[in-house]
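Source file: upload_14.csv; contents: CSV, C-alpha atoms.
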chain,number,residue,atom,x,y,z
A,1,MET,CA,11.3,17.4,50.5
A,2,PRO,CA,10.9,14.9,53.3
A,3,ILE,CA,13.4,12.4,54.5
A,4,LYS,CA,12.0,8.9,55.0
A,5,ILE,CA,13.7,7.4,58.1
A,6,PRO,CA,13.2,4.3,60.2
A,7,ASN,CA,10.5,4.4,62.8
A,8,ASN,CA,11.6,5.6,66.3
A,9,LEU,CA,14.9,7.1,65.3
A,10,PRO,CA,16.2,9.4,68.0
A,11,ALA,CA,17.2,12.1,65.4
A,12,THR,CA,13.5,12.6,64.5
A,13,ASN,CA,12.7,15.0,67.3
A,14,ILE,CA,15.9,17.1,66.7
A,15,LEU,CA,15.3,17.4,63.0
A,16,GLU,CA,11.6,18.3,63.4
A,17,GLY,CA,12.7,21.0,65.9
A,18,GLU,CA,14.9,22.4,63.1
A,19,ASN,CA,11.9,22.4,60.6
A,20,ILE,CA,13.4,19.6,58.5
A,21,PHE,CA,10.5,17.5,57.2
A,22,VAL,CA,10.9,13.9,58.2
A,23,MET,CA,8.6,11.0,57.5
A,24,ASP,CA,8.6,7.7,59.2
A,25,ALA,CA,8.4,4.4,57.3
A,26,ASP,CA,4.7,3.9,58.1
A,27,ARG,CA,3.6,7.2,56.7
A,28,ALA,CA,5.8,7.0,53.6
A,29,TYR,CA,4.3,3.5,52.8
A,30,LYS,CA,0.9,5.1,52.2
A,31,GLN,CA,2.3,7.6,49.6
A,32,ASP,CA,3.0,7.0,46.0
A,33,ILE,CA,6.4,8.6,45.6
A,34,ARG,CA,9.7,7.0,44.6
A,35,PRO,CA,12.4,8.4,46.8
A,36,LEU,CA,16.2,8.3,46.3
A,37,LYS,CA,17.3,5.3,48.5
A,38,ILE,CA,20.5,5.6,50.5
A,39,LEU,CA,22.0,3.0,52.8
A,40,ILE,CA,24.5,4.3,55.5
A,41,LEU,CA,27.0,2.4,57.5
A,42,ASN,CA,27.7,4.5,60.5
A,43,LEU,CA,30.9,3.5,62.4
A,44,MET,CA,31.2,6.7,64.4
A,45,PRO,CA,31.4,6.3,68.2
A,46,ILE,CA,28.3,8.5,69.0
A,47,LYS,CA,25.9,7.3,66.3
A,48,SER,CA,22.9,9.4,67.1
A,49,VAL,CA,24.9,12.6,66.7
A,50,THR,CA,26.3,11.5,63.4
A,51,GLU,CA,22.9,10.3,62.1
A,52,THR,CA,21.4,13.6,62.9
A,53,GLN,CA,24.2,15.5,61.1
A,54,LEU,CA,23.8,13.3,58.0
A,55,LEU,CA,20.0,13.5,57.9
A,56,ARG,CA,20.2,17.3,58.4
A,57,VAL,CA,22.4,17.6,55.2
A,58,LEU,CA,20.1,15.2,53.2
A,59,GLY,CA,17.0,17.1,54.4
A,60,ASN,CA,18.2,20.2,52.5
A,61,THR,CA,18.0,18.6,49.1
A,62,PRO,CA,15.0,19.0,46.7
A,63,LEU,CA,14.7,15.2,46.5
A,64,GLN,CA,12.7,12.9,48.7
A,65,VAL,CA,15.3,10.7,50.3
A,66,GLU,CA,14.8,7.3,51.9
A,67,VAL,CA,17.5,6.6,54.5
A,68,ASP,CA,18.2,3.4,56.2
A,69,PHE,CA,21.2,2.5,58.4
A,70,ILE,CA,23.0,-0.9,58.1
A,71,TYR,CA,25.2,-2.6,60.6
A,72,THR,CA,27.7,-5.4,60.3
A,73,GLU,CA,27.0,-8.7,61.9
A,74,THR,CA,30.3,-8.9,63.7
A,75,TYR,CA,30.8,-5.4,64.9
A,76,ILE,CA,29.5,-4.7,68.4
A,77,PRO,CA,29.2,-1.0,69.2
A,78,THR,CA,30.1,0.2,72.7
A,79,HIS,CA,28.6,3.8,72.6
A,80,THR,CA,25.2,3.0,71.2
A,81,SER,CA,21.7,3.2,72.5
A,82,ARG,CA,19.2,0.3,72.0
A,83,HIS,CA,17.7,1.7,68.7
A,84,ILE,CA,21.0,1.1,66.9
A,85,GLN,CA,21.3,-2.5,67.9
A,86,ARG,CA,20.9,-5.0,65.1
A,87,ARG,CA,17.3,-6.0,64.4
How does the structure come out when it is put into structure tokens?
Amino acid sequence: MPIKIPNNLPATNILEGENIFVMDADRAYKQDIRPLKILILNLMPIKSVTETQLLRVLGNTPLQVEVDFIYTETYIPTHTSRHIQRR
């Protein structure tokens, strides 16, 4: 089943290369499926690697999973690319 992930997540290309079906938020919005919703707080130093690992595991389930990442207001990451910064 597909994993619904935020638009422009760096892990998307890696997961697609591993034949894990990912769906961005725009495409999922047009479908009439109720996914399992999971919120993840990622405090690991290299966030994109951890996000890819977590999404890889979730992608092997028979459920459609909607994943979103949350960030605390006060924590300022030091090893993070721009996509992770608080919106």
*Tell me which protein, DNA and RNA residues are within 6 Å of Glu66 (chain A), counting all atoms listed in the file, leaving out same-chain ones fewer than 5 positions away, and put them as a ChimeraX atom specification.*
/A:3-4,35-37
*Within 10 Å of (14.7, 8.1, 66.9) (coordinates as in the file), grab all the protein and nucleic acid residues, counting all atoms listed in the file, and write them out as a PyMOL selection string.*
chain A and resi 5-14+24+48+51-52+83-84
*What separation in Å, quoted to one decimal, exists between CA of Ile38 (chain A) and CA of Val67 (chain A)?*
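So the two atoms, CA of Ile38 (chain A) and CA of Val67 (chain A), lie 5.1 Å apart.
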_I'd like the interatomic distance between CA of Thr50 (chain A) and CA of Thr78 (chain A), to a tenth of an Å._
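Those two atoms sit 15.1 Å apart.
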*In Å, how far is it from CA of Ala25 (chain A) to CA of Leu39 (chain A)?*
14.4 Å
*Point out the residue among A:Asn42, A:Gln53, A:Asn60, A:Thr74 with the least atom-to-atom distance to Ile20 (chain A), counting only C-alpha atoms.*
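Among the listed residues, the smallest separation from Ile20 (chain A) belongs to A:Asn60.
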*Which of these, A:Val65, A:Asp26, A:Tyr71, A:Gly17, has the shortest distance to Met44 (chain A) once you count all atoms listed in the file?*
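For Met44 (chain A), the nearest of the given residues is A:Tyr71.
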Will you model N, CA and C atoms for region 8-30 of chain A and pass it back as a PDB file, in the coordinates of the input?
ATOM      1  N   ASN A   8      10.979   5.466  64.954  1.00  0.00           N
ATOM      2  CA  ASN A   8      11.600   5.600  66.300  1.00  0.00           C
ATOM      3  C   ASN A   8      13.043   5.964  66.293  1.00  0.00           C
ATOM      4  N   LEU A   9      13.547   6.652  65.286  1.00  0.00           N
ATOM      5  CA  LEU A   9      14.900   7.100  65.300  1.00  0.00           C
ATOM      6  C   LEU A   9      15.083   8.287  66.183  1.00  0.00           C
ATOM      7  N   PRO A  10      16.071   8.306  67.089  1.00  0.00           N
ATOM      8  CA  PRO A  10      16.200   9.400  68.000  1.00  0.00           C
ATOM      9  C   PRO A  10      16.401  10.789  67.324  1.00  0.00           C
ATOM     10  N   ALA A  11      16.959  10.801  66.134  1.00  0.00           N
ATOM     11  CA  ALA A  11      17.200  12.100  65.400  1.00  0.00           C
ATOM     12  C   ALA A  11      15.900  12.737  64.986  1.00  0.00           C
ATOM     13  N   THR A  12      14.798  12.028  64.982  1.00  0.00           N
ATOM     14  CA  THR A  12      13.500  12.600  64.500  1.00  0.00           C
ATOM     15  C   THR A  12      13.137  13.857  65.224  1.00  0.00           C
ATOM     16  N   ASN A  13      13.153  13.864  66.535  1.00  0.00           N
ATOM     17  CA  ASN A  13      12.700  15.000  67.300  1.00  0.00           C
ATOM     18  C   ASN A  13      13.646  16.238  67.055  1.00  0.00           C
ATOM     19  N   ILE A  14      14.940  15.992  66.946  1.00  0.00           N
ATOM     20  CA  ILE A  14      15.900  17.100  66.700  1.00  0.00           C
ATOM     21  C   ILE A  14      15.633  17.697  65.329  1.00  0.00           C
ATOM     22  N   LEU A  15      15.480  16.849  64.314  1.00  0.00           N
ATOM     23  CA  LEU A  15      15.300  17.400  63.000  1.00  0.00           C
ATOM     24  C   LEU A  15      13.935  18.092  62.826  1.00  0.00           C
ATOM     25  N   GLU A  16      12.885  17.574  63.449  1.00  0.00           N
ATOM     26  CA  GLU A  16      11.600  18.300  63.400  1.00  0.00           C
ATOM     27  C   GLU A  16      11.687  19.618  64.099  1.00  0.00           C
ATOM     28  N   GLY A  17      12.477  19.705  65.166  1.00  0.00           N
ATOM     29  CA  GLY A  17      12.700  21.000  65.900  1.00  0.00           C
ATOM     30  C   GLY A  17      13.414  21.999  64.994  1.00  0.00           C
ATOM     31  N   GLU A  18      14.161  21.524  63.997  1.00  0.00           N
ATOM     32  CA  GLU A  18      14.900  22.400  63.100  1.00  0.00           C
ATOM     33  C   GLU A  18      14.089  22.630  61.777  1.00  0.00           C
ATOM     34  N   ASN A  19      12.821  22.270  61.780  1.00  0.00           N
ATOM     35  CA  ASN A  19      11.900  22.400  60.600  1.00  0.00           C
ATOM     36  C   ASN A  19      12.396  21.630  59.404  1.00  0.00           C
ATOM     37  N   ILE A  20      13.022  20.478  59.630  1.00  0.00           N
ATOM     38  CA  ILE A  20      13.400  19.600  58.500  1.00  0.00           C
ATOM     39  C   ILE A  20      12.278  18.514  58.514  1.00  0.00           C
ATOM     40  N   PHE A  21      11.645  18.375  57.364  1.00  0.00           N
ATOM     41  CA  PHE A  21      10.500  17.500  57.200  1.00  0.00           C
ATOM     42  C   PHE A  21      10.946  16.049  57.151  1.00  0.00           C
ATOM     43  N   VAL A  22      10.622  15.280  58.172  1.00  0.00           N
ATOM     44  CA  VAL A  22      10.900  13.900  58.200  1.00  0.00           C
ATOM     45  C   VAL A  22       9.641  13.067  58.165  1.00  0.00           C
ATOM     46  N   MET A  23       9.727  11.878  57.616  1.00  0.00           N
ATOM     47  CA  MET A  23       8.600  11.000  57.500  1.00  0.00           C
ATOM     48  C   MET A  23       8.966   9.617  57.905  1.00  0.00           C
ATOM     49  N   ASP A  24       8.212   9.023  58.830  1.00  0.00           N
ATOM     50  CA  ASP A  24       8.600   7.700  59.200  1.00  0.00           C
ATOM     51  C   ASP A  24       8.110   6.671  58.174  1.00  0.00           C
ATOM     52  N   ALA A  25       8.610   5.464  58.275  1.00  0.00           N
ATOM     53  CA  ALA A  25       8.400   4.400  57.300  1.00  0.00           C
ATOM     54  C   ALA A  25       6.863   4.142  57.108  1.00  0.00           C
ATOM     55  N   ASP A  26       6.107   4.161  58.207  1.00  0.00           N
ATOM     56  CA  ASP A  26       4.700   3.900  58.100  1.00  0.00           C
ATOM     57  C   ASP A  26       3.933   4.907  57.282  1.00  0.00           C
ATOM     58  N   ARG A  27       4.245   6.181  57.479  1.00  0.00           N
ATOM     59  CA  ARG A  27       3.600   7.200  56.700  1.00  0.00           C
ATOM     60  C   ARG A  27       3.999   7.202  55.247  1.00  0.00           C
ATOM     61  N   ALA A  28       5.279   6.977  54.987  1.00  0.00           N
ATOM     62  CA  ALA A  28       5.800   7.000  53.600  1.00  0.00           C
ATOM     63  C   ALA A  28       5.198   5.807  52.812  1.00  0.00           C
ATOM     64  N   TYR A  29       4.895   4.705  53.482  1.00  0.00           N
ATOM     65  CA  TYR A  29       4.300   3.500  52.800  1.00  0.00           C
ATOM     66  C   TYR A  29       3.005   3.861  52.135  1.00  0.00           C
ATOM     67  N   LYS A  30       2.266   4.788  52.720  1.00  0.00           N
ATOM     68  CA  LYS A  30       0.900   5.100  52.200  1.00  0.00           C
ATOM     69  C   LYS A  30       0.991   6.119  51.033  1.00  0.00           C
TER      70      LYS A  30
END
